Each structure stands twice: as structure tokens, then as C-alpha cells.
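Novice: PDB, C-alpha atoms, pLDDT in the B column, saved as work-v4.pdb, coming up:
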ATOM      1  CA  MET A1043       0.000   0.000   0.000  1.00 50.00           C
ATOM      2  CA  LYS A1044       1.362   3.380  -1.017  1.00 55.00           C
ATOM      3  CA  LYS A1045       1.588   6.146   1.526  1.00 55.00           C
ATOM      4  CA  THR A1046       0.360   9.514   0.354  1.00 54.00           C
ATOM      5  CA  ASN A1047       1.467  12.669   1.984  1.00 54.00           C
ATOM      6  CA  VAL A1048      -1.753  14.416   2.962  1.00 49.00           C
ATOM      7  CA  HIS A1049       0.085  17.584   3.924  1.00 49.00           C
ATOM      8  CA  ALA A1050       1.789  17.812   0.539  1.00 49.00           C
ATOM      9  CA  ARG A1051      -1.559  17.696  -1.239  1.00 53.00           C
ATOM     10  CA  ALA A1052      -3.037  20.201   1.184  1.00 52.00           C
ATOM     11  CA  ASN A1053      -0.088  22.540   0.669  1.00 59.00           C
ATOM     12  CA  HIS A1054      -0.393  22.196  -3.082  1.00 71.00           C
ATOM     13  CA  GLY A1055      -4.069  23.063  -2.775  1.00 84.00           C
ATOM     14  CA  ILE A1056      -3.245  26.090  -0.648  1.00 89.00           C
ATOM     15  CA  ALA A1057      -0.377  27.060  -2.956  1.00 88.00           C
ATOM     16  CA  GLY A1058      -2.662  26.751  -5.967  1.00 89.00           C
ATOM     17  CA  TRP A1059      -5.334  28.796  -4.222  1.00 90.00           C
ATOM     18  CA  LEU A1060      -2.787  31.477  -3.262  1.00 92.00           C
ATOM     19  CA  TYR A1061      -1.438  31.542  -6.816  1.00 92.00           C
ATOM     20  CA  ARG A1062      -4.927  31.953  -8.264  1.00 91.00           C
ATOM     21  CA  CYS A1063      -5.672  34.754  -5.783  1.00 93.00           C
ATOM     22  CA  TRP A1064      -2.398  36.492  -6.623  1.00 92.00           C
ATOM     23  CA  LEU A1065      -3.023  36.057 -10.353  1.00 92.00           C
ATOM     24  CA  ARG A1066      -6.556  37.455 -10.037  1.00 92.00           C
ATOM     25  CA  ILE A1067      -5.254  40.505  -8.144  1.00 93.00           C
ATOM     26  CA  TRP A1068      -2.424  41.051 -10.626  1.00 91.00           C
ATOM     27  CA  LEU A1069      -4.727  40.706 -13.648  1.00 93.00           C
ATOM     28  CA  ARG A1070      -7.218  43.161 -12.129  1.00 92.00           C
ATOM     29  CA  TYR A1071      -4.370  45.617 -11.507  1.00 92.00           C
ATOM     30  CA  ARG A1072      -3.141  45.249 -15.123  1.00 92.00           C
ATOM     31  CA  LEU A1073      -6.688  45.601 -16.440  1.00 92.00           C
ATOM     32  CA  ASP A1074      -7.188  48.780 -14.408  1.00 90.00           C
ATOM     33  CA  ALA A1075      -3.845  50.161 -15.625  1.00 91.00           C
ATOM     34  CA  CYS A1076      -4.714  49.422 -19.256  1.00 90.00           C
ATOM     35  CA  THR A1077      -8.158  50.967 -18.807  1.00 91.00           C
ATOM     36  CA  ARG A1078      -6.573  54.135 -17.410  1.00 91.00           C
ATOM     37  CA  CYS A1079      -4.198  54.239 -20.389  1.00 91.00           C
ATOM     38  CA  LEU A1080      -7.093  53.854 -22.812  1.00 90.00           C
ATOM     39  CA  HIS A1081      -9.011  56.655 -21.087  1.00 91.00           C
ATOM     40  CA  THR A1082      -5.926  58.866 -21.324  1.00 91.00           C
ATOM     41  CA  ILE A1083      -5.522  58.096 -25.028  1.00 90.00           C
ATOM     42  CA  ALA A1084      -9.219  58.784 -25.646  1.00 89.00           C
ATOM     43  CA  ALA A1085      -8.963  62.126 -23.842  1.00 89.00           C
ATOM     44  CA  GLN A1086      -5.880  63.074 -25.871  1.00 90.00           C
ATOM     45  CA  ARG A1087      -7.659  62.181 -29.100  1.00 90.00           C
ATOM     46  CA  GLU A1088     -10.649  64.279 -28.083  1.00 88.00           C
ATOM     47  CA  ASN A1089      -8.336  67.194 -27.262  1.00 87.00           C
ATOM     48  CA  ASP A1090      -6.564  66.709 -30.599  1.00 90.00           C
ATOM     49  CA  PHE A1091      -9.923  66.690 -32.363  1.00 87.00           C
ATOM     50  CA  HIS A1092     -10.931  69.971 -30.722  1.00 88.00           C
ATOM     51  CA  ALA A1093      -7.533  71.511 -31.470  1.00 88.00           C
ATOM     52  CA  GLU A1094      -7.795  70.414 -35.096  1.00 89.00           C
ATOM     53  CA  ARG A1095     -11.286  71.887 -35.335  1.00 88.00           C
ATOM     54  CA  MET A1096     -10.115  75.209 -33.880  1.00 89.00           C
ATOM     55  CA  LEU A1097      -7.139  75.274 -36.255  1.00 87.00           C
ATOM     56  CA  HIS A1098      -9.417  74.545 -39.208  1.00 88.00           C
ATOM     57  CA  ARG A1099     -11.745  77.403 -38.178  1.00 91.00           C
ATOM     58  CA  GLU A1100      -8.796  79.782 -37.852  1.00 90.00           C
ATOM     59  CA  MET A1101      -7.444  78.774 -41.264  1.00 88.00           C
ATOM     60  CA  SER A1102     -10.875  79.239 -42.825  1.00 90.00           C
ATOM     61  CA  ALA A1103     -11.159  82.690 -41.257  1.00 88.00           C
ATOM     62  CA  MET A1104      -7.681  83.646 -42.533  1.00 90.00           C
ATOM     63  CA  ARG A1105      -8.527  82.412 -46.042  1.00 89.00           C
ATOM     64  CA  SER A1106     -11.727  84.407 -46.136  1.00 89.00           C
ATOM     65  CA  ARG A1107      -9.921  87.523 -44.869  1.00 86.00           C
ATOM     66  CA  LEU A1108      -7.221  87.021 -47.503  1.00 88.00           C
ATOM     67  CA  GLN A1109      -9.820  86.648 -50.261  1.00 88.00           C
ATOM     68  CA  SER A1110     -11.658  89.754 -49.108  1.00 85.00           C
ATOM     69  CA  LEU A1111      -8.532  91.911 -49.509  1.00 82.00           C
TER
END
What is this file in C-alpha cells?
Specialist:
Amino acid sequence: MKKTNVHARANHGIAGWLYRCWLRIWLRYRLDACTRCLHTIAAQRENDFHAERMLHREMSAMRSRLQSL
């Protein structure tokens, strides 16, 4: 009859559980970090869009002034 080490299996179960908990925490942290990066990129794009719109308006105004001279 083979002896099995009950404590070894219990430790492996605890180690596996701890690893899964750590992995879940780490993945949530990475997901939050990536989400923050995406929000930052989206905000920059929106700012770029507004800046481009303002520049386009200014160029249109300058062209119309130039044509009126």
C-alpha cells in the first residue's frame, strides 16, 4: 500500500489557491492600468480633435480675410 502525503496535497491546494488569488489581483491591476491608459488616449484624441477643429476654423477665417482683400 502506497503512503500519500496528505500535507503535501493540502499545501499544493493552498499554494494553488494562493497563486490563483495572486493572479486574479495582478490581472485586475493590469486591467485597471490598461483601462486608465485607454481613457488617457481617448482624452488626448478628443483634445486633438478639438484643437484640429479650432485650427481649421482659424485657417478658414484667414482664407476668407485674404480673399476679401
Novice: CA of His1081 (chain A) and CA of Arg1066 (chain A), how far apart in Å?
Specialist: 22.3 Å
Novice: Between CA of Asp1074 (chain A) and CA of Ile1056 (chain A), what distance in Å does the model show, to one decimal?
Specialist: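 Atom-to-atom, CA of Asp1074 (chain A) to CA of Ile1056 (chain A), that is 26.8 Å.
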Novice: To one decimal place, how far is CA of Thr1082 (chain A) from CA of Trp1064 (chain A) in Å?
Specialist: 27.0 Å
